[in-house]
Structure formats: C-alpha cells, structure tokens
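Coordinates as given in target_1.txt (compact mmCIF, C-alpha atoms):
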```txt
# COMPACT_ATOMS: atom_id res chain seq x y z
CA MET A 1 -124.65 172.98 73.30
CA PRO A 2 -121.47 172.03 75.27
CA GLU A 3 -118.00 171.82 73.85
CA GLY A 4 -117.12 168.43 72.39
CA THR A 5 -120.34 168.00 70.42
CA TRP A 6 -119.92 165.47 67.65
CA GLY A 7 -121.87 166.94 64.75
CA ARG A 8 -122.57 170.60 64.15
CA LEU A 9 -119.91 172.11 66.47
CA ALA A 10 -117.09 169.69 67.29
CA ARG A 11 -114.66 172.56 67.97
CA GLY A 12 -111.89 172.03 70.51
CA ALA A 13 -112.33 168.25 70.49
CA SER A 14 -109.28 166.49 69.11
CA ALA A 15 -111.21 163.25 68.58
CA ALA A 16 -114.24 164.96 67.13
CA LEU A 17 -116.07 162.99 64.52
CA LEU A 18 -119.30 163.38 62.64
CA VAL A 19 -121.87 160.83 63.64
CA CYS A 20 -124.84 162.46 61.95
CA THR A 21 -126.12 161.53 58.52
CA VAL A 22 -125.28 163.24 55.26
CA ALA A 23 -128.08 165.65 56.01
CA ALA A 24 -125.70 167.17 58.60
CA CYS A 25 -128.13 166.56 61.44
CA GLY A 26 -130.80 168.60 59.71
CA GLY A 27 -133.21 165.82 58.89
CA SER A 28 -136.30 164.88 60.83
CA SER A 29 -135.70 163.38 64.25
CA GLY A 30 -138.89 161.44 63.97
CA THR A 31 -140.99 163.79 66.09
CA ALA A 32 -144.03 165.53 64.71
CA ASP A 33 -142.91 169.10 65.46
CA SER A 34 -139.11 169.05 65.21
CA GLU A 35 -136.42 168.61 62.55
CA GLU A 36 -133.64 168.68 65.13
CA PRO A 37 -131.45 165.59 65.58
CA LEU A 38 -131.76 163.14 68.43
CA ARG A 39 -129.31 164.33 71.09
CA VAL A 40 -127.30 161.78 73.05
CA TRP A 41 -124.66 162.47 75.72
CA LEU A 42 -122.03 159.79 76.17
CA MET A 43 -118.95 159.94 78.38
CA ARG A 44 -115.35 160.21 77.22
CA ASN A 45 -113.88 156.76 76.42
CA SER A 46 -117.10 154.84 76.98
CA LEU A 47 -116.97 153.99 73.26
CA ASN A 48 -114.25 154.50 70.69
CA ASP A 49 -114.88 156.53 67.54
CA ASP A 50 -115.39 153.57 65.23
CA LEU A 51 -117.85 151.88 67.56
CA THR A 52 -119.83 155.09 67.98
CA GLU A 53 -120.07 155.56 64.21
CA ARG A 54 -121.26 152.00 63.65
CA ILE A 55 -123.90 152.12 66.40
CA VAL A 56 -125.27 155.41 65.12
CA ALA A 57 -125.31 154.13 61.54
CA ASP A 58 -127.18 151.01 62.63
CA PHE A 59 -129.73 153.08 64.54
CA GLU A 60 -130.32 155.47 61.67
CA LYS A 61 -130.70 152.59 59.22
CA ASN A 62 -133.38 151.02 61.41
CA HIS A 63 -135.08 154.35 62.22
CA PRO A 64 -135.49 156.20 58.90
CA GLY A 65 -135.81 159.94 59.38
CA ARG A 66 -134.02 160.03 62.71
CA ASP A 67 -130.55 161.63 62.77
CA VAL A 68 -128.33 161.28 65.82
CA GLU A 69 -125.94 163.80 67.34
CA VAL A 70 -123.61 162.39 70.00
CA THR A 71 -121.96 164.77 72.46
CA VAL A 72 -118.90 163.42 74.24
CA GLN A 73 -118.74 164.70 77.82
CA GLU A 74 -115.77 164.75 80.17
CA TRP A 75 -116.08 163.25 83.66
CA THR A 76 -114.72 166.44 85.24
CA ASP A 77 -117.64 168.51 86.60
CA ILE A 78 -120.14 166.23 84.85
CA THR A 79 -122.45 166.10 87.88
CA GLU A 80 -123.15 169.83 87.71
CA LYS A 81 -123.57 169.73 83.94
CA VAL A 82 -126.09 166.88 84.01
CA SER A 83 -127.98 168.50 86.90
CA ARG A 84 -128.34 171.71 84.92
CA ALA A 85 -129.51 169.79 81.87
CA LEU A 86 -132.12 167.87 83.84
CA ALA A 87 -133.46 171.11 85.30
CA SER A 88 -133.69 172.81 81.91
CA GLU A 89 -136.59 172.83 79.48
CA ASP A 90 -134.40 171.51 76.68
CA ALA A 91 -132.59 168.46 78.04
CA PRO A 92 -130.77 165.90 75.86
CA ASP A 93 -132.82 162.89 74.82
CA LEU A 94 -130.52 160.30 76.44
CA ILE A 95 -127.63 160.65 78.91
CA GLU A 96 -124.95 158.24 80.09
CA VAL A 97 -124.15 158.75 83.80
CA GLY A 98 -121.92 157.06 86.35
CA ASN A 99 -123.73 154.35 88.27
CA THR A 100 -123.03 156.02 91.64
CA GLN A 101 -124.64 159.29 90.48
CA VAL A 102 -128.20 158.17 89.75
CA ALA A 103 -129.66 158.58 93.24
CA GLY A 104 -128.56 162.22 93.38
CA TYR A 105 -130.07 163.04 90.00
CA VAL A 106 -133.34 161.35 90.90
CA ALA A 107 -133.52 163.21 94.20
CA ASP A 108 -133.15 166.51 92.33
CA GLY A 109 -135.87 165.54 89.85
CA GLY A 110 -136.02 165.47 86.07
CA VAL A 111 -135.28 161.76 85.46
CA SER A 112 -137.89 159.54 83.80
CA ASN A 113 -139.16 156.46 85.62
CA LEU A 114 -138.50 153.43 83.38
CA THR A 115 -139.79 150.70 85.66
CA LEU A 116 -142.43 149.52 83.19
CA LYS A 117 -139.76 149.10 80.52
CA VAL A 118 -137.60 146.71 82.55
CA PRO A 119 -139.15 143.46 81.19
CA ASP A 120 -138.78 144.65 77.59
CA LEU A 121 -135.11 145.48 78.22
CA GLY A 122 -134.28 142.04 79.66
CA GLY A 123 -134.07 143.19 83.26
CA ASP A 124 -134.18 139.65 84.64
CA ASP A 125 -130.64 139.12 83.36
CA TRP A 126 -129.08 142.41 84.44
CA ILE A 127 -125.93 142.39 86.57
CA ALA A 128 -126.97 143.29 90.10
CA GLY A 129 -124.12 145.75 90.59
CA LEU A 130 -125.42 147.81 87.66
CA GLU A 131 -129.13 147.32 88.28
CA GLU A 132 -129.08 148.32 91.95
CA PRO A 133 -127.76 151.89 91.61
CA GLY A 134 -130.36 152.65 88.95
CA LYS A 135 -133.21 151.52 91.20
CA ILE A 136 -134.40 154.19 93.63
CA ASN A 137 -137.14 153.41 96.17
CA GLY A 138 -138.08 150.35 94.16
CA TYR A 139 -138.35 152.15 90.81
CA GLN A 140 -135.92 151.79 87.93
CA TYR A 141 -134.56 155.12 86.66
CA GLY A 142 -131.16 154.03 85.36
CA ILE A 143 -130.75 151.27 82.77
CA PRO A 144 -127.50 149.25 82.93
CA TYR A 145 -125.08 150.12 80.13
CA TYR A 146 -121.70 148.53 80.95
CA GLY A 147 -119.62 147.65 83.99
CA ALA A 148 -116.04 147.32 85.14
CA ASN A 149 -114.63 145.94 88.35
CA ARG A 150 -111.35 145.02 89.98
CA VAL A 151 -109.49 141.76 89.60
CA VAL A 152 -106.12 140.52 90.82
CA VAL A 153 -103.44 141.30 88.23
CA TYR A 154 -100.42 139.08 88.87
CA ARG A 155 -96.90 138.42 87.62
CA LYS A 156 -96.77 134.97 86.06
CA ASP A 157 -92.99 134.83 86.37
CA LEU A 158 -93.01 135.54 90.10
CA PHE A 159 -95.78 132.99 90.69
CA GLU A 160 -93.82 130.39 88.74
CA ALA A 161 -90.62 131.12 90.65
CA ALA A 162 -92.51 130.57 93.91
CA GLY A 163 -93.94 127.27 92.65
CA ILE A 164 -97.49 128.60 92.46
CA THR A 165 -99.23 127.00 89.48
CA GLU A 166 -102.87 128.02 90.03
CA PRO A 167 -104.72 131.04 91.39
CA PRO A 168 -105.89 130.74 95.01
CA ALA A 169 -109.25 129.07 95.55
CA ASP A 170 -110.31 131.23 98.50
CA ARG A 171 -109.19 134.05 100.76
CA GLU A 172 -107.20 131.86 103.15
CA GLU A 173 -105.19 130.35 100.31
CA TRP A 174 -104.76 133.85 98.89
CA LEU A 175 -103.16 134.96 102.16
CA GLU A 176 -100.90 131.90 102.15
CA ILE A 177 -99.53 132.39 98.64
CA THR A 178 -99.21 136.14 99.11
CA GLU A 179 -97.10 135.53 102.19
CA ARG A 180 -94.88 133.18 100.15
CA LEU A 181 -94.55 135.82 97.45
CA ASN A 182 -93.70 138.57 99.93
CA GLN A 183 -89.88 138.47 100.12
CA PRO A 184 -88.68 141.85 101.38
CA GLU A 185 -85.13 140.56 101.74
CA ILE A 186 -84.84 140.55 97.93
CA GLY A 187 -87.08 143.56 97.40
CA GLN A 188 -90.16 141.60 96.31
CA GLN A 189 -93.67 142.41 97.55
CA GLY A 190 -96.44 139.83 97.64
CA LEU A 191 -99.12 142.44 96.95
CA TYR A 192 -99.23 146.21 96.56
CA LEU A 193 -102.41 147.38 98.31
CA PRO A 194 -102.59 151.12 99.07
CA GLY A 195 -103.89 151.84 102.56
CA GLN A 196 -106.83 153.91 101.35
CA ASN A 197 -108.20 151.74 98.56
CA TRP A 198 -111.72 151.84 99.98
CA TYR A 199 -113.30 150.16 96.94
CA VAL A 200 -111.33 147.01 97.76
CA LEU A 201 -112.25 147.31 101.44
CA ALA A 202 -115.92 147.51 100.49
CA GLY A 203 -115.73 144.09 98.84
CA PHE A 204 -114.22 142.50 101.95
CA ILE A 205 -116.93 144.09 104.11
CA TRP A 206 -119.68 142.82 101.80
CA ASP A 207 -118.13 139.34 101.91
CA GLU A 208 -118.55 139.37 105.69
CA GLY A 209 -122.20 140.42 105.43
CA GLY A 210 -121.62 144.08 106.35
CA ASP A 211 -121.97 147.36 104.50
CA LEU A 212 -120.54 150.86 104.39
CA ALA A 213 -123.85 152.52 105.24
CA VAL A 214 -127.46 151.41 105.60
CA GLU A 215 -130.85 153.08 105.30
CA LEU A 216 -133.15 152.67 108.29
CA SER A 217 -136.66 154.13 108.17
CA GLY A 218 -135.64 156.51 105.43
CA ARG A 219 -132.50 157.78 107.21
CA TRP A 220 -128.95 156.84 106.29
CA GLU A 221 -126.30 155.95 108.82
CA GLY A 222 -122.74 154.65 108.73
CA ALA A 223 -122.21 150.93 109.30
CA LEU A 224 -118.44 150.51 109.56
CA ASP A 225 -118.73 149.78 113.27
CA THR A 226 -120.69 146.53 112.85
CA PRO A 227 -118.84 143.28 113.63
CA GLU A 228 -119.11 142.25 109.99
CA ALA A 229 -117.55 145.46 108.70
CA VAL A 230 -114.76 145.33 111.26
CA ARG A 231 -113.92 141.78 110.15
CA GLY A 232 -113.65 143.06 106.59
CA MET A 233 -111.16 145.70 107.72
CA GLU A 234 -109.17 143.10 109.63
CA PHE A 235 -108.74 141.05 106.46
CA TYR A 236 -107.70 144.20 104.58
CA GLU A 237 -105.09 144.81 107.25
CA GLU A 238 -103.68 141.30 106.82
CA LEU A 239 -103.32 141.72 103.08
CA HIS A 240 -101.87 145.21 103.31
CA ALA A 241 -99.11 143.92 105.57
CA LEU A 242 -97.85 141.61 102.80
CA GLY A 243 -96.48 144.50 100.77
CA ASP A 244 -94.95 147.93 101.18
CA ALA A 245 -97.78 150.27 100.16
CA PRO A 246 -98.24 153.45 102.25
CA ALA A 247 -101.02 153.48 104.81
CA ASP A 248 -101.95 157.06 103.94
CA GLY A 249 -102.05 156.77 100.13
CA ASP A 250 -104.75 155.64 97.73
CA GLU A 251 -104.50 153.96 94.32
CA ALA A 252 -103.95 157.30 92.57
CA GLU A 253 -101.33 158.88 94.87
CA PRO A 254 -98.92 157.36 94.00
CA ASP A 255 -100.42 155.66 90.94
CA HIS A 256 -100.43 152.00 91.92
CA SER A 257 -100.07 150.83 88.29
CA GLU A 258 -96.84 152.80 87.97
CA VAL A 259 -95.54 151.41 91.25
CA PHE A 260 -96.36 147.88 90.10
CA ALA A 261 -94.58 148.41 86.78
CA GLU A 262 -91.44 149.83 88.36
CA ASN A 263 -90.97 147.31 91.20
CA GLU A 264 -90.90 143.59 91.86
CA ILE A 265 -94.52 143.19 92.96
CA ALA A 266 -96.41 139.92 92.56
CA GLN A 267 -100.01 141.18 92.66
CA LEU A 268 -102.15 144.28 92.24
CA ILE A 269 -105.91 144.70 92.70
CA ALA A 270 -107.12 146.80 89.78
CA PRO A 271 -109.32 146.77 86.67
CA PRO A 272 -107.58 144.64 84.02
CA GLY A 273 -107.36 147.63 81.70
CA HIS A 274 -104.52 148.93 83.89
CA SER A 275 -102.32 146.29 82.27
CA ARG A 276 -101.93 148.53 79.24
CA LEU A 277 -100.24 151.22 81.31
CA ILE A 278 -98.15 148.68 83.17
CA THR A 279 -96.71 147.14 80.00
CA GLU A 280 -96.19 150.56 78.40
CA LEU A 281 -94.09 151.55 81.40
CA ASN A 282 -92.32 148.20 81.56
CA PRO A 283 -92.32 146.36 78.20
CA ASP A 284 -90.51 143.42 79.85
CA LEU A 285 -93.85 142.53 81.46
CA GLU A 286 -95.58 142.02 78.10
CA GLY A 287 -97.03 138.50 78.24
CA GLU A 288 -96.14 138.11 81.93
CA LEU A 289 -99.43 139.35 83.42
CA GLY A 290 -102.24 137.05 84.47
CA TYR A 291 -105.62 137.68 86.06
CA PHE A 292 -108.02 136.07 88.50
CA PRO A 293 -111.14 137.30 90.31
CA VAL A 294 -110.68 138.59 93.84
CA PRO A 295 -111.05 135.41 95.91
CA GLY A 296 -113.99 135.04 98.27
CA PRO A 297 -114.34 133.35 101.67
CA GLU A 298 -115.66 130.15 100.06
CA ALA A 299 -113.64 127.95 97.74
CA ASP A 300 -113.90 128.67 94.00
CA THR A 301 -116.38 131.50 94.58
CA PRO A 302 -115.31 135.04 93.65
CA GLY A 303 -115.43 137.63 96.39
CA ALA A 304 -117.70 140.64 96.31
CA VAL A 305 -116.40 143.61 94.31
CA PHE A 306 -117.55 147.12 93.65
CA THR A 307 -119.03 147.25 90.15
CA GLY A 308 -118.25 150.57 88.56
CA GLY A 309 -119.57 151.60 85.21
CA SER A 310 -122.40 153.52 83.62
CA VAL A 311 -126.14 153.53 83.29
CA LEU A 312 -128.44 155.35 80.87
CA ILE A 313 -131.13 157.81 81.93
CA LEU A 314 -133.93 159.54 80.03
CA PRO A 315 -134.49 163.19 81.03
CA ALA A 316 -138.11 163.99 81.78
CA ASN A 317 -137.81 167.20 79.73
CA ALA A 318 -136.26 165.54 76.68
CA ARG A 319 -137.55 166.98 73.41
CA ASP A 320 -137.73 163.50 71.85
CA PRO A 321 -138.25 160.94 74.62
CA GLU A 322 -139.38 158.24 72.19
CA GLY A 323 -136.21 158.69 70.18
CA GLY A 324 -134.09 158.67 73.32
CA TYR A 325 -135.66 155.42 74.43
CA ALA A 326 -135.18 153.90 70.98
CA PHE A 327 -131.45 154.73 71.07
CA LEU A 328 -131.28 153.29 74.60
CA GLU A 329 -132.77 150.06 73.21
CA THR A 330 -130.03 149.99 70.58
CA LEU A 331 -127.18 150.54 73.06
CA THR A 332 -128.51 147.84 75.40
CA SER A 333 -129.46 145.30 72.73
CA ASP A 334 -127.73 141.94 72.99
CA ALA A 335 -125.94 142.42 69.67
CA TRP A 336 -124.42 145.79 70.55
CA GLN A 337 -123.75 144.82 74.15
CA ARG A 338 -121.62 141.94 72.89
CA GLU A 339 -119.80 144.26 70.52
CA ILE A 340 -119.24 146.94 73.17
CA ALA A 341 -118.01 144.39 75.71
CA SER A 342 -115.57 142.66 73.36
CA THR A 343 -114.27 145.89 71.79
CA MET A 344 -113.90 147.94 74.98
CA SER A 345 -113.17 145.06 77.42
CA TYR A 346 -116.20 145.99 79.52
CA VAL A 347 -118.56 143.76 81.44
CA PRO A 348 -121.84 143.64 79.47
CA SER A 349 -125.06 144.62 81.17
CA LYS A 350 -126.44 141.06 81.30
CA THR A 351 -125.12 137.88 82.88
CA THR A 352 -126.22 135.97 79.75
CA LEU A 353 -123.70 137.83 77.56
CA MET A 354 -120.46 137.04 79.39
CA ASP A 355 -119.25 134.75 76.59
CA ALA A 356 -118.57 137.93 74.60
CA LEU A 357 -115.36 138.21 76.63
CA ASP A 358 -113.98 134.79 75.70
CA GLY A 359 -110.42 135.22 74.48
CA ASP A 360 -109.74 138.24 76.71
CA PRO A 361 -108.37 136.77 79.97
CA GLY A 362 -108.45 140.04 81.90
CA ALA A 363 -112.01 140.86 80.91
CA LYS A 364 -113.03 137.25 81.51
CA ALA A 365 -111.74 137.39 85.08
CA MET A 366 -113.53 140.71 85.51
CA ALA A 367 -116.80 139.19 84.26
CA GLU A 368 -116.49 136.25 86.66
CA GLY A 369 -116.00 138.66 89.53
CA ALA A 370 -118.90 140.83 88.37
CA GLU A 371 -121.32 138.05 89.22
CA ALA A 372 -120.67 138.96 92.86
CA GLY A 373 -120.62 142.67 92.07
CA ARG A 374 -122.19 145.23 94.34
CA ALA A 375 -122.93 148.94 94.25
CA THR A 376 -122.15 151.62 96.82
CA PRO A 377 -125.01 152.62 99.16
CA ASN A 378 -127.74 154.23 97.10
CA SER A 379 -127.87 157.51 98.99
CA PRO A 380 -128.42 160.73 97.01
CA SER A 381 -125.60 162.25 99.10
CA TRP A 382 -123.04 159.56 98.33
CA ALA A 383 -121.09 161.88 96.01
CA ASP A 384 -120.67 164.30 98.94
CA LEU A 385 -119.17 161.49 100.99
CA GLU A 386 -116.69 160.53 98.28
CA ALA A 387 -115.51 164.15 98.09
CA ASP A 388 -114.50 164.08 101.78
CA ASN A 389 -114.18 160.37 102.41
CA PRO A 390 -114.10 159.28 106.06
CA ILE A 391 -113.65 155.64 104.99
CA LYS A 392 -110.16 156.39 103.72
CA LYS A 393 -109.23 158.19 106.92
CA TYR A 394 -110.53 155.22 108.91
CA GLN A 395 -108.36 152.80 106.93
CA THR A 396 -105.22 154.82 107.57
CA GLU A 397 -105.97 155.08 111.28
CA VAL A 398 -106.36 151.31 111.63
CA LEU A 399 -103.27 150.53 109.55
CA ASN A 400 -101.29 152.94 111.75
CA GLY A 401 -102.31 151.06 114.88
CA ALA A 402 -105.65 152.55 116.02
CA ASP A 403 -108.20 150.28 117.66
CA PRO A 404 -110.41 149.08 114.75
CA GLN A 405 -113.68 149.26 116.67
CA THR A 406 -113.07 152.75 118.06
CA ALA A 407 -111.91 154.07 114.68
CA ALA A 408 -114.91 152.44 112.98
CA GLU A 409 -117.32 154.14 115.37
CA ARG A 410 -115.81 157.54 114.59
CA ALA A 411 -115.95 156.85 110.86
CA SER A 412 -119.56 155.68 111.05
CA GLU A 413 -120.55 158.87 112.81
CA ALA A 414 -118.85 160.91 110.09
CA ILE A 415 -120.61 158.90 107.36
CA THR A 416 -123.96 159.44 109.03
CA ALA A 417 -123.40 163.18 109.26
CA LEU A 418 -122.35 163.46 105.61
CA LEU A 419 -125.22 161.39 104.24
CA ARG A 420 -127.79 163.34 106.24
CA SER A 421 -126.37 166.80 105.69
CA GLY A 422 -127.00 166.72 101.95
CA GLY A 423 -130.69 165.96 102.21
CA GLY A 424 -130.15 162.23 101.98
CA GLY A 425 -132.14 161.41 105.09
```
As structure tokens, what does this structure read like?
Amino acid sequence: MPEGTWGRLARGASAALLVCTVAACGGSSGTADSEEPLRVWLMRNSLNDDLTERIVADFEKNHPGRDVEVTVQEWTDITEKVSRALASEDAPDLIEVGNTQVAGYVADGGVSNLTLKVPDLGGDDWIAGLEEPGKINGYQYGIPYYGANRVVVYRKDLFEAAGITEPPADREEWLEITERLNQPEIGQQGLYLPGQNWYVLAGFIWDEGGDLAVELSGRWEGALDTPEAVRGMEFYEELHALGDAPADGDEAEPDHSEVFAENEIAQLIAPPGHSRLITELNPDLEGELGYFPVPGPEADTPGAVFTGGSVLILPANARDPEGGYAFLETLTSDAWQREIASTMSYVPSKTTLMDALDGDPGAKAMAEGAEAGRATPNSPSWADLEADNPIKKYQTEVLNGADPQTAAERASEAITALLRSGGGG
C-alpha cells in the first residue's frame, strides 16, 4: 500500500491520522470472504483531518462491520499511480480523481460504469462542470465530489478610491472600471492577468460560443481558429492590457497571488482561497478583499468559467465494490456535501446545495460563477496537451503582436496533433 496510508502504515506522513475503528482496521469489511477494511483513496487537502474522521465515523456507525482505511495521495504523479491501481487485480474500493483525468482512465479501462446509479445520486441537480468530465460517450463513470472555480478578487479600498461602489454588471462595464482603476502613473494596475492563464481564456471563448477543441466523428481537433474563439482571445487581450503582467508568464511563474499582495493591483482572477496567501503576505489587506463572479457578456449573468475539482470513481477490480459505492453515497450525500462545502470553501456537487456557502463571500461568488461552469474537452489525451500546452504559446504570440487568426490556426493544428497522437482519436 502506498506511503501516506491513514491506518495500518501512516509512516512518513506528517498529518497521518487513524481513521479506522478500534479494531485497527481488522474487522469485517462487510464482504462475505474478506476481513480487510474498505480502502478509499482521497487526495491531499480535499478534506481536513477532522472532517475525514467525522465522515468515516458516520459511515462506520451506519454500516456496522465495515471499517474504513483512507489513504491520502499526493497530486504529483497521481495519474500513473491510479492507472497502475486500475490495471491491478487488487484496486482500492473508491478513488478520488481530478475531473480532467477521468476520460484517460476510462480509455485505459478498469473504471466501473455508474450510469444506472445517477438517479439515486441526485444527478438531475449536479453542476454541469463536474458532471460533464465524468460522462464518457454518454455513460457516467465519474460522480461529482466537489468543485472550485475562479472569481475576481478585488481591493475594496482601491475600488472605493475610484468611486466604484458595485461590481460590474457585464464584461463591457468590467472593461470600463478596470480602465479607471489602471493608473500606471502612480504604479497602480487595474488587473493583473498573466499572459498564459489559459483557464481564464477558456471562459471567454466559451462565452462567445467557441471551444478549445471539438470532437467530430470520433476524432478530436483544435478549435482556437473559429471566429468565436478568436473573439474570446481578443477580449483577453483587452483585459491583459489594463495591467502589467508578462505576456510569457502564467499564474504560477511568477505566482500571481504574491504579485497581487506585493503591489498596488485592483483585481486578480483566481480561486477565492488564494486570499489566504495574499493576506499572509500582506496583513494590511486583511478585510480589504472582495469577490465577484467573472462577468459575462449579458448583464447580471456570470461568465463561463472552468470548473476544477474532483470526482469519485469505482475501480472495476475493487475487492469490495458494494462498500466503495456505499462510501461514495456518504461523501455525496446532501448532509456531508453541505459540511464539506462550508468547511473547505468548495462548491458542492449540486446546484441545490449552494446555500451551504452563505456567510463566506468568496465561496458564495465562486458558487454563483459555478452555475456557468464548464469542463475542458473530454479527450482521453487532454493531460498530454496540458503537459505541452500550445494554448499558452498561442496567447503569448498574440499578446506580443502576432495576427490572432494566423496564430490560432497554428495552435489548432498543434492541439489536433496532440489529441490524436495519444490515442484520443
């Protein structure tokens, strides 16, 4: 069993904690031929220790005889680890995976088809941005767990100084107030938008009716060269010009939260959780940060955003598939979804549970934006594209003066080649 197991091993994990029962994971798991515990893989920081303990305790109380062993996995190299587990004869009973990874796992085999379980799990109310990546060729393999998406984090003091009393209603008003806030003569930027933040670009493209890539007759091809996608890039270019972010950098290099904390910048597009780092770096900003959903083209309607997050899959070779499904039901139940969302500031899996975020302005803005959330193209080779991302190169080219249409055609060709080279059609 991998390092970081919570239960019998737990060596080398600083946050290790026992989530099994007093029987030290040796009791019956509820299967007829096994006394091993139910094995669940969750990702680092998806739940905190206390929340994990309480969920496991609740499950074990309601499922006498079933003990649970949670293994906390790191995101680094997780794709290879999950792929090996799915191909083995002794896979975990339930696995949390990133929502952009499902198509690749399904293509490789070893993931259970849960389509018939969708009604029982409340699928009619799922957030589209979490439901879509778990649905492959019309069948549901991944069950929505939680989501997170970008919002506009803004400086209340700089808005007030500029006489701006309310968030912008639409994209045009957003451009207008950002231009007012952009005052380079005093070292103030209206917005810090790194040139290669392709997740943000994706939302603008979706708003225009375009996409990053499309599947036609079972074959994937790049779509950045469509008129709709080019319009999305043009809007990105307008926003980028109202700040001083590099054209050849992304949100990690340099870290855009650190840049925001250390400079006079009015707005940043980021998950609201980044506020913690910002205020740690600059305590003077405590209480000065506000949030609103990324504005859309129409008044008072949030723009499209990429919905990141996780889904839950059941390995086909799980030793205890019934137990794995039962724990999945617990994690996705309305009661625990509310608790997970409010405790971790996540978007819950269902649109009907958004009130769980009342009182958390950042998470509330994120939930409002999530209603227009989207997923990346559901190609099994999408991870290969992200590893060598032609979208980021395209953005830099355009921001450095290249013809948008010509650059988009080159990028679309590169996307097509990458998505087809990995067996994705």
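Taking all atoms listed in the file into account, the protein, DNA and RNA residues within 10 Å of (-124.5, 149.2, 96.9) read Thr100, Ala128, Gly129, Leu130, Glu131, Glu132, Pro133, Ala202, Trp206, Asp211, Leu212, Ala213, Val214, Phe306, Thr307, Gly373, Arg374, Ala375, Thr376, Pro377, Asn378 and Ser379 of chain A.
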Store the residues picked out above in a file with C-alpha atoms, as a compact mmCIF listing (two decimals), in the frame of the given file.
```
# COMPACT_ATOMS: atom_id res chain seq x y z
CA THR A 100 -123.03 156.02 91.64
CA ALA A 128 -126.97 143.29 90.10
CA GLY A 129 -124.12 145.75 90.59
CA LEU A 130 -125.42 147.81 87.66
CA GLU A 131 -129.13 147.32 88.28
CA GLU A 132 -129.08 148.32 91.95
CA PRO A 133 -127.76 151.89 91.61
CA ALA A 202 -115.92 147.51 100.49
CA TRP A 206 -119.68 142.82 101.80
CA ASP A 211 -121.97 147.36 104.50
CA LEU A 212 -120.54 150.86 104.39
CA ALA A 213 -123.85 152.52 105.24
CA VAL A 214 -127.46 151.41 105.60
CA PHE A 306 -117.55 147.12 93.65
CA THR A 307 -119.03 147.25 90.15
CA GLY A 373 -120.62 142.67 92.07
CA ARG A 374 -122.19 145.23 94.34
CA ALA A 375 -122.93 148.94 94.25
CA THR A 376 -122.15 151.62 96.82
CA PRO A 377 -125.01 152.62 99.16
CA ASN A 378 -127.74 154.23 97.10
CA SER A 379 -127.87 157.51 98.99
```
Anything within 10 Å of (-90.7, 147.8, 86.1): list those residues as a compact mmCIF listing (two decimals) with C-alpha atoms, in the coordinates of the input, counting all atoms listed in the file and sticking to the file's coordinates.
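Everything below was put into part-v3.txt:
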```txt
# COMPACT_ATOMS: atom_id res chain seq x y z
CA GLU A 258 -96.84 152.80 87.97
CA VAL A 259 -95.54 151.41 91.25
CA PHE A 260 -96.36 147.88 90.10
CA ALA A 261 -94.58 148.41 86.78
CA GLU A 262 -91.44 149.83 88.36
CA ASN A 263 -90.97 147.31 91.20
CA GLU A 264 -90.90 143.59 91.86
CA ILE A 265 -94.52 143.19 92.96
CA ILE A 278 -98.15 148.68 83.17
CA THR A 279 -96.71 147.14 80.00
CA GLU A 280 -96.19 150.56 78.40
CA LEU A 281 -94.09 151.55 81.40
CA ASN A 282 -92.32 148.20 81.56
CA PRO A 283 -92.32 146.36 78.20
CA ASP A 284 -90.51 143.42 79.85
CA LEU A 285 -93.85 142.53 81.46
```
Which neighbours of Asp93 (chain A) fall inside 6 Å, counting all atoms listed in the file, when residues of the same chain fewer than 3 positions from it are skipped, and could you give them as number ranges by chain? A: 39-40, 318, 320-321, 324
Need to verify the contact set: Phe159 (chain A), 12 Å, only C-alpha atoms, exclusion of same-chain residues closer than 3 positions in sequence. Can you return it as a ChimeraX atom specification? /A:153-156,162-168,177-182,188-191,264-267,288-291
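For the set A:Pro380, A:His256, A:Gln395, A:Thr76, the residue with the smallest atom-to-atom gap to Phe235 (chain A) is A:Gln395, counting all atoms listed in the file.
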Can I get the residues of region 235-318 of chain A within 10 Å of region 113-126 of chain A, each with the closest pair of atoms and their distance in Å to one decimal, using only C-alpha atoms, sorted chain first then ascending number, as JSON lines?
```
{"residue": "A:Ile313", "atom": "CA", "partner": "A:Leu114", "partner_atom": "CA", "distance": 8.7}
{"residue": "A:Leu314", "atom": "CA", "partner": "A:Asn113", "partner_atom": "CA", "distance": 8.3}
{"residue": "A:Pro315", "atom": "CA", "partner": "A:Asn113", "partner_atom": "CA", "distance": 9.4}
{"residue": "A:Ala316", "atom": "CA", "partner": "A:Asn113", "partner_atom": "CA", "distance": 8.5}
```
Just write the chosen residues, C-alpha atoms, as a compact mmCIF listing (two decimals), in the coordinates of the input.
```txt
# COMPACT_ATOMS: atom_id res chain seq x y z
CA ILE A 313 -131.13 157.81 81.93
CA LEU A 314 -133.93 159.54 80.03
CA PRO A 315 -134.49 163.19 81.03
CA ALA A 316 -138.11 163.99 81.78
```
Counting all atoms listed in the file, closest pick from A:Ser333, A:Thr52, A:Thr416, A:Ser342 relative to Tyr145 (chain A) is A:Ser333
Where atoms are missing, can you supply N, CA and C atoms for region 328-339 of chain A and output the lot as a compact mmCIF listing (two decimals), keeping the file's coordinate frame?
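The new file rebuild35.txt reads:
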```txt
# COMPACT_ATOMS: atom_id res chain seq x y z
N LEU A 328 -131.61 154.09 73.42
CA LEU A 328 -131.28 153.29 74.60
C LEU A 328 -131.45 151.81 74.28
N GLU A 329 -132.55 151.46 73.59
CA GLU A 329 -132.77 150.06 73.21
C GLU A 329 -131.62 149.55 72.34
N THR A 330 -131.13 150.40 71.44
CA THR A 330 -130.03 149.99 70.58
C THR A 330 -128.77 149.73 71.39
N LEU A 331 -128.40 150.68 72.26
CA LEU A 331 -127.18 150.54 73.06
C LEU A 331 -127.22 149.32 73.97
N THR A 332 -128.40 148.95 74.44
CA THR A 332 -128.51 147.84 75.40
C THR A 332 -128.97 146.55 74.75
N SER A 333 -129.08 146.53 73.43
CA SER A 333 -129.46 145.30 72.73
C SER A 333 -128.36 144.26 72.88
N ASP A 334 -128.72 143.00 72.82
CA ASP A 334 -127.73 141.94 72.99
C ASP A 334 -126.60 142.05 71.97
N ALA A 335 -126.96 142.36 70.72
CA ALA A 335 -125.94 142.42 69.67
C ALA A 335 -124.90 143.49 69.96
N TRP A 336 -125.37 144.71 70.30
CA TRP A 336 -124.42 145.79 70.55
C TRP A 336 -123.75 145.66 71.91
N GLN A 337 -124.42 145.06 72.87
CA GLN A 337 -123.75 144.82 74.15
C GLN A 337 -122.57 143.87 73.99
N ARG A 338 -122.74 142.85 73.16
CA ARG A 338 -121.62 141.94 72.89
C ARG A 338 -120.47 142.68 72.22
N GLU A 339 -120.82 143.53 71.25
CA GLU A 339 -119.80 144.26 70.52
C GLU A 339 -119.08 145.26 71.42
```
